[in-house]
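Trainee: Sharing coords_23.pdb, PDB, C-alpha atoms and all ligand atoms:
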```
MODEL        1
ATOM      1  CA  MET I   5    -159.792  -9.826 -50.444  1.00  0.00           C
ATOM      2  CA  ALA I   6    -162.462 -11.426 -52.644  1.00  0.00           C
ATOM      3  CA  GLY I   7    -160.326 -14.521 -53.156  1.00  0.00           C
ATOM      4  CA  ILE I   8    -159.827 -15.046 -49.440  1.00  0.00           C
ATOM      5  CA  ALA I   9    -163.464 -14.232 -48.633  1.00  0.00           C
ATOM      6  CA  SER I  10    -164.752 -16.725 -51.208  1.00  0.00           C
ATOM      7  CA  ASN I  11    -163.147 -19.553 -49.185  1.00  0.00           C
ATOM      8  CA  ILE I  12    -164.417 -18.475 -45.756  1.00  0.00           C
ATOM      9  CA  PRO I  13    -167.639 -20.603 -45.832  1.00  0.00           C
ATOM     10  CA  ASP I  14    -165.498 -23.756 -45.773  1.00  0.00           C
ATOM     11  CA  TRP I  15    -164.389 -23.094 -42.183  1.00  0.00           C
ATOM     12  CA  ASP I  16    -167.217 -25.466 -41.226  1.00  0.00           C
ATOM     13  CA  GLY I  17    -165.261 -28.331 -42.824  1.00  0.00           C
ATOM     14  CA  ILE I  18    -162.275 -27.905 -40.483  1.00  0.00           C
ATOM     15  CA  PRO I  19    -163.823 -29.793 -37.485  1.00  0.00           C
ATOM     16  CA  MET I  20    -164.233 -32.836 -39.768  1.00  0.00           C
ATOM     17  CA  LEU I  21    -160.458 -33.168 -39.920  1.00  0.00           C
ATOM     18  CA  PHE I  22    -160.629 -34.185 -36.267  1.00  0.00           C
ATOM     19  CA  ASP I  23    -163.917 -36.100 -36.096  1.00  0.00           C
ATOM     20  CA  MET I  24    -165.651 -36.898 -39.401  1.00  0.00           C
ATOM     21  CA  GLN I  25    -168.725 -38.615 -37.895  1.00  0.00           C
ATOM     22  CA  ARG I  26    -169.469 -35.962 -35.334  1.00  0.00           C
ATOM     23  CA  PHE I  27    -169.082 -32.884 -37.504  1.00  0.00           C
ATOM     24  CA  GLU I  28    -170.318 -34.122 -40.898  1.00  0.00           C
ATOM     25  CA  SER I  29    -173.767 -32.628 -40.287  1.00  0.00           C
ATOM     26  CA  GLY I  30    -172.239 -29.174 -39.842  1.00  0.00           C
ATOM     27  CA  HIS I  31    -170.424 -29.019 -43.171  1.00  0.00           C
ATOM     28  CA  ARG I  32    -172.167 -26.772 -45.731  1.00  0.00           C
ATOM     29  CA  VAL I  33    -174.416 -25.561 -42.897  1.00  0.00           C
ATOM     30  CA  TRP I  34    -172.585 -23.575 -40.192  1.00  0.00           C
ATOM     31  CA  GLY I  35    -170.288 -21.622 -42.491  1.00  0.00           C
ATOM     32  CA  HIS I  36    -172.541 -21.669 -45.563  1.00  0.00           C
ATOM     33  CA  CYS I  37    -175.526 -19.904 -43.976  1.00  0.00           C
ATOM     34  CA  LEU I  38    -176.348 -16.242 -44.551  1.00  0.00           C
ATOM     35  CA  LEU I  39    -175.855 -15.481 -40.857  1.00  0.00           C
ATOM     36  CA  SER I  40    -172.211 -16.628 -40.916  1.00  0.00           C
ATOM     37  CA  ILE I  41    -171.616 -14.979 -44.310  1.00  0.00           C
ATOM     38  CA  ILE I  42    -172.873 -11.584 -43.107  1.00  0.00           C
ATOM     39  CA  LEU I  43    -170.997 -11.720 -39.775  1.00  0.00           C
ATOM     40  CA  THR I  44    -167.653 -12.830 -41.252  1.00  0.00           C
ATOM     41  CA  SER I  45    -167.927 -10.309 -44.114  1.00  0.00           C
ATOM     42  CA  VAL I  46    -168.507  -7.420 -41.711  1.00  0.00           C
ATOM     43  CA  LEU I  47    -165.642  -8.703 -39.533  1.00  0.00           C
ATOM     44  CA  ILE I  48    -163.050  -8.952 -42.338  1.00  0.00           C
ATOM     45  CA  GLY I  49    -164.306  -5.709 -43.937  1.00  0.00           C
ATOM     46  CA  PHE I  50    -163.712  -3.660 -40.802  1.00  0.00           C
ATOM     47  CA  MET I  51    -160.498  -5.569 -39.967  1.00  0.00           C
ATOM     48  CA  GLN I  52    -159.175  -4.449 -43.355  1.00  0.00           C
ATOM     49  CA  ILE I  53    -160.054  -0.817 -42.605  1.00  0.00           C
ATOM     50  CA  ARG I  54    -158.588  -1.016 -39.088  1.00  0.00           C
ATOM     51  CA  TRP I  55    -155.363  -2.872 -39.892  1.00  0.00           C
ATOM     52  CA  ASP I  56    -155.068  -2.491 -43.692  1.00  0.00           C
ATOM     53  CA  TRP I  57    -153.700  -6.005 -44.187  1.00  0.00           C
ATOM     54  CA  ILE I  58    -154.009  -5.710 -47.986  1.00  0.00           C
ATOM     55  CA  GLY I  59    -151.821  -2.571 -47.980  1.00  0.00           C
ATOM     56  CA  ARG I  60    -149.340  -4.071 -45.507  1.00  0.00           C
ATOM     57  CA  GLY I  61    -149.126  -7.287 -47.495  1.00  0.00           C
ATOM     58  CA  ALA I  62    -148.580  -5.331 -50.712  1.00  0.00           C
ATOM     59  CA  ASN I  63    -145.813  -3.271 -49.064  1.00  0.00           C
ATOM     60  CA  ARG I  64    -144.027  -6.400 -47.856  1.00  0.00           C
ATOM     61  CA  LEU I  65    -144.233  -8.005 -51.270  1.00  0.00           C
ATOM     62  CA  GLN I  66    -143.229  -4.855 -53.174  1.00  0.00           C
ATOM     63  CA  SER I  67    -140.372  -6.513 -55.011  1.00  0.00           C
ATOM     64  CA  VAL I  68    -142.450  -9.389 -56.411  1.00  0.00           C
ATOM     65  CA  LEU I  69    -145.876  -7.809 -56.970  1.00  0.00           C
ATOM     66  CA  PRO I  70    -146.766  -6.027 -60.231  1.00  0.00           C
ATOM     67  CA  GLN I  71    -147.060  -2.224 -60.327  1.00  0.00           C
ATOM     68  CA  ALA I  72    -150.878  -2.326 -60.049  1.00  0.00           C
ATOM     69  CA  ALA I  73    -150.684  -3.735 -56.492  1.00  0.00           C
ATOM     70  CA  MET I  74    -148.637  -0.736 -55.363  1.00  0.00           C
ATOM     71  CA  VAL I  75    -151.545   1.550 -56.287  1.00  0.00           C
ATOM     72  CA  VAL I  76    -153.645  -0.300 -53.690  1.00  0.00           C
ATOM     73  CA  ALA I  77    -150.995   0.206 -51.020  1.00  0.00           C
ATOM     74  CA  GLN I  78    -150.690   3.949 -51.736  1.00  0.00           C
ATOM     75  CA  HIS I  79    -154.427   4.442 -51.954  1.00  0.00           C
ATOM     76  CA  GLU I  80    -154.933   2.847 -48.533  1.00  0.00           C
ATOM     77  CA  LYS I  81    -152.616   5.415 -46.939  1.00  0.00           C
ATOM     78  CA  LYS I  82    -155.046   8.249 -47.696  1.00  0.00           C
ATOM     79  CA  GLU I  83    -157.641   9.397 -45.194  1.00  0.00           C
ATOM     80  CA  THR I  84    -160.738   7.308 -45.782  1.00  0.00           C
ATOM     81  CA  ASP I  85    -164.165   7.293 -44.254  1.00  0.00           C
ATOM     82  CA  TRP I  86    -163.736   4.128 -42.190  1.00  0.00           C
ATOM     83  CA  PHE I  87    -167.425   3.299 -42.067  1.00  0.00           C
ATOM     84  CA  MET I  88    -168.015   3.538 -45.825  1.00  0.00           C
ATOM     85  CA  GLY I  89    -164.705   1.811 -46.492  1.00  0.00           C
ATOM     86  CA  GLY I  90    -165.552  -1.035 -44.122  1.00  0.00           C
ATOM     87  CA  LEU I  91    -168.962  -1.346 -45.711  1.00  0.00           C
ATOM     88  CA  VAL I  92    -167.492  -1.596 -49.222  1.00  0.00           C
ATOM     89  CA  PHE I  93    -165.014  -4.277 -48.132  1.00  0.00           C
ATOM     90  CA  ALA I  94    -167.798  -6.116 -46.271  1.00  0.00           C
ATOM     91  CA  LEU I  95    -169.971  -6.072 -49.418  1.00  0.00           C
ATOM     92  CA  ILE I  96    -167.094  -7.412 -51.519  1.00  0.00           C
ATOM     93  CA  GLY I  97    -166.619 -10.196 -48.966  1.00  0.00           C
ATOM     94  CA  MET I  98    -170.345 -10.907 -48.955  1.00  0.00           C
ATOM     95  CA  CYS I  99    -170.620 -11.141 -52.770  1.00  0.00           C
ATOM     96  CA  ALA I 100    -167.616 -13.468 -52.892  1.00  0.00           C
ATOM     97  CA  GLN I 101    -169.037 -15.702 -50.158  1.00  0.00           C
ATOM     98  CA  LEU I 102    -172.517 -15.792 -51.736  1.00  0.00           C
ATOM     99  CA  LEU I 103    -170.979 -16.988 -55.023  1.00  0.00           C
ATOM    100  CA  HIS I 104    -169.515 -19.909 -53.071  1.00  0.00           C
ATOM    101  CA  LEU I 105    -173.012 -21.306 -52.422  1.00  0.00           C
ATOM    102  CA  PRO I 106    -174.184 -22.106 -56.003  1.00  0.00           C
ATOM    103  CA  CYS I 107    -170.680 -23.421 -56.760  1.00  0.00           C
ATOM    104  CA  ASP I 108    -171.016 -25.906 -53.886  1.00  0.00           C
ATOM    105  CA  MET I 109    -174.602 -26.834 -54.753  1.00  0.00           C
ATOM    106  CA  VAL I 110    -173.640 -28.108 -58.210  1.00  0.00           C
ATOM    107  CA  VAL I 111    -170.724 -30.226 -56.875  1.00  0.00           C
ATOM    108  CA  SER I 112    -172.047 -33.114 -54.826  1.00  0.00           C
ATOM    109  CA  GLY I 113    -172.193 -36.878 -54.369  1.00  0.00           C
ATOM    110  CA  GLY I 114    -170.328 -39.474 -56.427  1.00  0.00           C
ATOM    111  CA  SER I 115    -168.314 -42.607 -55.526  1.00  0.00           C
ATOM    112  CA  GLY I 116    -170.641 -43.724 -52.763  1.00  0.00           C
ATOM    113  CA  LEU I 117    -170.910 -40.295 -51.120  1.00  0.00           C
ATOM    114  CA  SER I 118    -174.250 -38.751 -50.234  1.00  0.00           C
ATOM    115  CA  ASP I 119    -175.310 -35.336 -51.529  1.00  0.00           C
ATOM    116  CA  TRP I 120    -174.201 -32.536 -49.242  1.00  0.00           C
ATOM    117  CA  ALA I 121    -176.933 -29.920 -49.389  1.00  0.00           C
ATOM    118  CA  VAL I 122    -176.341 -26.259 -48.557  1.00  0.00           C
ATOM    119  CA  GLN I 123    -178.600 -24.768 -45.866  1.00  0.00           C
ATOM    120  CA  PRO I 124    -178.380 -20.995 -46.385  1.00  0.00           C
ATOM    121  CA  LEU I 125    -181.141 -20.078 -43.922  1.00  0.00           C
ATOM    122  CA  TRP I 126    -179.803 -22.119 -40.974  1.00  0.00           C
ATOM    123  CA  PRO I 127    -180.366 -21.812 -37.967  1.00  0.00           C
ATOM    124  CA  PHE I 128    -183.765 -20.233 -38.633  1.00  0.00           C
ATOM    125  CA  PHE I 129    -184.922 -22.677 -41.332  1.00  0.00           C
ATOM    126  CA  ASN I 130    -183.542 -26.077 -42.333  1.00  0.00           C
ATOM    127  CA  SER I 131    -184.401 -25.821 -46.038  1.00  0.00           C
ATOM    128  CA  ALA I 132    -181.579 -27.480 -47.979  1.00  0.00           C
ATOM    129  CA  TYR I 133    -180.535 -26.992 -51.601  1.00  0.00           C
ATOM    130  CA  VAL I 134    -178.405 -29.174 -53.864  1.00  0.00           C
ATOM    131  CA  TYR I 135    -178.195 -29.583 -57.657  1.00  0.00           C
ATOM    132  CA  PRO I 136    -175.543 -32.309 -58.081  1.00  0.00           C
ATOM    133  CA  LEU I 137    -174.360 -31.752 -61.658  1.00  0.00           C
ATOM    134  CA  ILE I 138    -170.814 -33.015 -61.097  1.00  0.00           C
ATOM    135  CA  PRO I 139    -169.414 -35.376 -58.440  1.00  0.00           C
ATOM    136  CA  TRP I 140    -166.845 -34.609 -55.764  1.00  0.00           C
ATOM    137  CA  GLY I 141    -163.298 -34.496 -57.057  1.00  0.00           C
ATOM    138  CA  ASP I 142    -164.271 -33.722 -60.666  1.00  0.00           C
ATOM    139  CA  ILE I 143    -161.194 -32.054 -62.132  1.00  0.00           C
ATOM    140  CA  GLY I 144    -163.098 -30.336 -64.999  1.00  0.00           C
ATOM    141  CA  PRO I 145    -163.858 -26.942 -63.366  1.00  0.00           C
ATOM    142  CA  THR I 146    -160.268 -26.600 -62.100  1.00  0.00           C
ATOM    143  CA  VAL I 147    -158.860 -27.296 -65.565  1.00  0.00           C
ATOM    144  CA  ILE I 148    -161.283 -24.852 -67.257  1.00  0.00           C
ATOM    145  CA  LEU I 149    -160.713 -22.040 -64.718  1.00  0.00           C
ATOM    146  CA  MET I 150    -156.923 -22.457 -64.650  1.00  0.00           C
ATOM    147  CA  ALA I 151    -156.827 -22.444 -68.461  1.00  0.00           C
ATOM    148  CA  GLY I 152    -158.844 -19.199 -68.364  1.00  0.00           C
ATOM    149  CA  ILE I 153    -156.481 -17.607 -65.840  1.00  0.00           C
ATOM    150  CA  ILE I 154    -153.389 -18.590 -67.857  1.00  0.00           C
ATOM    151  CA  ALA I 155    -155.008 -17.237 -71.039  1.00  0.00           C
ATOM    152  CA  ILE I 156    -155.785 -13.929 -69.249  1.00  0.00           C
ATOM    153  CA  ALA I 157    -152.185 -13.689 -68.003  1.00  0.00           C
ATOM    154  CA  LYS I 158    -150.946 -14.169 -71.580  1.00  0.00           C
ATOM    155  CA  ARG I 159    -153.436 -11.817 -73.268  1.00  0.00           C
ATOM    156  CA  LYS I 160    -154.110  -8.948 -70.882  1.00  0.00           C
ATOM    157  CA  ASN I 161    -155.950  -6.807 -73.460  1.00  0.00           C
ATOM    158  CA  HIS I 162    -158.745  -9.399 -73.817  1.00  0.00           C
ATOM    159  CA  ILE I 163    -159.527  -9.957 -70.131  1.00  0.00           C
ATOM    160  CA  SER I 164    -163.336  -9.524 -70.359  1.00  0.00           C
ATOM    161  CA  GLN I 165    -163.705 -11.712 -73.438  1.00  0.00           C
ATOM    162  CA  ILE I 166    -161.555 -14.524 -72.024  1.00  0.00           C
ATOM    163  CA  ALA I 167    -163.310 -14.309 -68.630  1.00  0.00           C
ATOM    164  CA  GLY I 168    -166.721 -14.529 -70.358  1.00  0.00           C
ATOM    165  CA  LEU I 169    -165.562 -17.441 -72.507  1.00  0.00           C
ATOM    166  CA  THR I 170    -164.206 -19.240 -69.428  1.00  0.00           C
ATOM    167  CA  ILE I 171    -167.451 -18.854 -67.461  1.00  0.00           C
ATOM    168  CA  GLY I 172    -169.469 -19.863 -70.549  1.00  0.00           C
ATOM    169  CA  THR I 173    -167.322 -22.989 -71.001  1.00  0.00           C
ATOM    170  CA  LEU I 174    -167.670 -23.839 -67.304  1.00  0.00           C
ATOM    171  CA  ASN I 175    -171.471 -23.495 -67.434  1.00  0.00           C
ATOM    172  CA  GLY I 176    -171.604 -25.608 -70.617  1.00  0.00           C
ATOM    173  CA  TYR I 177    -169.451 -28.262 -68.955  1.00  0.00           C
ATOM    174  CA  LEU I 178    -171.771 -28.352 -65.904  1.00  0.00           C
ATOM    175  CA  VAL I 179    -174.875 -28.704 -68.100  1.00  0.00           C
ATOM    176  CA  VAL I 180    -173.345 -31.519 -70.205  1.00  0.00           C
ATOM    177  CA  CYS I 181    -172.144 -33.368 -67.074  1.00  0.00           C
ATOM    178  CA  GLY I 182    -175.575 -32.983 -65.455  1.00  0.00           C
ATOM    179  CA  LEU I 183    -177.277 -34.391 -68.568  1.00  0.00           C
ATOM    180  CA  ILE I 184    -174.849 -37.346 -68.720  1.00  0.00           C
ATOM    181  CA  ARG I 185    -175.198 -37.976 -64.981  1.00  0.00           C
ATOM    182  CA  GLY I 186    -178.980 -37.800 -65.273  1.00  0.00           C
ATOM    183  CA  THR I 187    -179.359 -35.128 -62.582  1.00  0.00           C
ATOM    184  CA  LEU I 188    -180.378 -32.508 -65.160  1.00  0.00           C
ATOM    185  CA  SER I 189    -183.078 -32.825 -67.779  1.00  0.00           C
ATOM    186  CA  LEU I 190    -183.997 -30.339 -70.493  1.00  0.00           C
TER     187      LEU I 190
HETATM  188 ZN    ZN U 201    -168.109 -24.890 -49.426  1.00  0.00          ZN
ENDMDL
END
```
Go through the file and emit its structure as structure tokens.
Mentor:
Amino acid sequence: MAGIASNIPDWDGIPMLFDMQRFESGHRVWGHCLLSIILTSVLIGFMQIRWDWIGRGANRLQSVLPQAAMVVAQHEKKETDWFMGGLVFALIGMCAQLLHLPCDMVVSGGSGLSDWAVQPLWPFFNSAYVYPLIPWGDIGPTVILMAGIIAIAKRKNHISQIAGLTIGTLNGYLVVCGLIRGTLSL
């Protein structure tokens, strides 16, 4: 749920596949504003409660998913307060989408591209935020995060420590890149 929700803001990039010039101004604006984040989070939260797509997906994938996923499927079969349940799922979706914003703000520009600022308060205010520490296409964060995930899969009893180390390494990488790029000064 959180993984899917964290990618929702990028729906505003889809129109650019058809017409780059016309829709460039909408990327990091339409889907990356608080209005869209709140609406889509409430929508997917209550869709989950209504149709239980996490439970259904887990049931279909029973043979390949680990035992822990089956707990989710069984839990969802119980009577739940649909409003509170929807609210919890909506909040999870909202947190995941909000985390998307600072991640985008630090990745911008490079190889002739302009900085793509995030406008979280659109359409009410046009204030735009961008802190371009690394350029588009920088492979560093992907390598660091994937290494962290593989390490967690290998050493399941040190999940918190490895997760903390991974985030710490990622932040350190961003700071060093920003200093080298000259977009960050201490
Ligand atoms: Zn984005």
Trainee: Determine the nearest neighbour of I:Asp16 from the options I:Val68, I:Val122, I:Met109, I:Trp55, counting all atoms listed in the file.
Mentor: I:Val122
Trainee: Evaluate the PyMOL selection byres (((not hetatm)) within 7 of (chain U and resi 201)) against this structure - the residues, as a list in words, please.
Mentor: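 Against this file, the PyMOL selection byres (((not hetatm)) within 7 of (chain U and resi 201)) returns the residues Pro13, Asp14, Arg32, His36, His104, Leu105 and Asp108 of chain I.
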Trainee: Selected residues, C-alpha atoms, written as a PDB file, in the coordinates of the input, please.
Mentor:
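As written to disk, selection-v5.pdb reads:
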```
ATOM      1  CA  PRO I  13    -167.639 -20.603 -45.832  1.00  0.00           C
ATOM      2  CA  ASP I  14    -165.498 -23.756 -45.773  1.00  0.00           C
ATOM      3  CA  ARG I  32    -172.167 -26.772 -45.731  1.00  0.00           C
ATOM      4  CA  HIS I  36    -172.541 -21.669 -45.563  1.00  0.00           C
ATOM      5  CA  HIS I 104    -169.515 -19.909 -53.071  1.00  0.00           C
ATOM      6  CA  LEU I 105    -173.012 -21.306 -52.422  1.00  0.00           C
ATOM      7  CA  ASP I 108    -171.016 -25.906 -53.886  1.00  0.00           C
TER       8      ASP I 108
END
```
Trainee: Set the distance at 12 Å and use all atoms listed in the file: which residues neighbour stretch 127-132 of chain I once local chain neighbours fewer than 3 positions away are removed? I'd like the list as a list in words.
Mentor: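 Surrounding residues, per the criterion: Ser29, Gly30, Arg32, Val33, Trp34, Gly35, His36, Cys37, Leu38, Leu39, Ser40, Leu105, Met109, Asp119, Trp120, Ala121, Val122, Gln123, Pro124 and Tyr135 of chain I.
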Trainee: I'd like the contact shell of I:Ala151 - 12 Å cut-off, all atoms listed in the file, skipping same-chain residues fewer than 6 positions apart - returned as a ChimeraX atom specification.
Mentor: /I:144-145,157-158,166-167,169-171,173-174
Trainee: Hey, can you check how far atom CA of I:Ala94 sits from atom CA of I:Ser45?
Mentor: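 Here the two named atoms are 4.7 Å from each other.
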Trainee: Which residue out of I:Thr146, I:Gln25, I:Ser189, I:Thr44 has the minimum interatomic distance to I:Ile96 when only C-alpha atoms are used?
Mentor: I:Thr44
Trainee: Between I:Leu21, I:Ile58, I:Val111, I:Ile148, which one has atoms that come closest to I:Ile8, using all atoms listed in the file?
Mentor: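 Among the listed residues, the smallest separation from I:Ile8 belongs to I:Ile58.
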Trainee: Could you name the residues that touch I:Ile42 at 10 Å or less, counting all atoms listed in the file, but leaving out those on the same chain fewer than 5 positions away, as an MDAnalysis selection string?
Mentor: chainID I and resid 37 47 94:95 97:99 101:102
Trainee: Given the choices I:Ser67, I:Trp126, I:Ala62, I:Asp56, which gets closest to I:Trp86 if the distance is worked out from all atoms listed in the file?
Mentor: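 Closest to I:Trp86, using all atoms listed in the file: I:Asp56.
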Trainee: Report the residues retrieved by the PyMOL selection byres (((chain I and resi 87) around 12) and not hetatm) from the displayed file, expressed as JSON, numbers by chain.
Mentor: {"I": [46, 49, 50, 51, 52, 53, 54, 83, 84, 85, 86, 88, 89, 90, 91, 92, 93, 94]}
Trainee: Which of these residues is nearest to I:Gly186, using all atoms listed in the file: I:Gly141, I:Gly152, I:Pro136, I:Gly116?
Mentor: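 Between I:Gly141, I:Gly152, I:Pro136, I:Gly116, the residue approaching I:Gly186 most closely is I:Pro136.
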Trainee: Which of these residues is nearest to I:Leu117, using all atoms listed in the file: I:Asp23, I:Ile48, I:Cys181, I:Glu28?
Mentor: I:Glu28
Trainee: Padding 4 Å on every side, please: axis-aligned box over the listed atoms of stretch 52-68 of chain I, centre and edge lengths to one decimal in Å, as JSON.
Mentor:
```
{"center_x": -150.2, "center_y": -5.1, "center_z": -47.7, "size_x": 27.7, "size_y": 16.6, "size_z": 25.3}
```
Trainee: In Å, with one decimal, what is the gap from atom CA of I:Met5 to atom CA of I:Gln66?
Mentor: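 Separation between atom CA of I:Met5 and atom CA of I:Gln66: 17.5 Å.
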Trainee: As an exercise, work out the distance from atom CA of I:Tyr133 to atom CA of I:Gly176 in Å and give it to one decimal place.
Mentor: 21.1 Å
Trainee: Show me the residues close to (-173.6, -27.9, -63.3) - anything with an atom within 6 Å, counting only C-alpha atoms - and format the list as a ChimeraX atom specification.
Mentor: /I:110,137,178-179,182
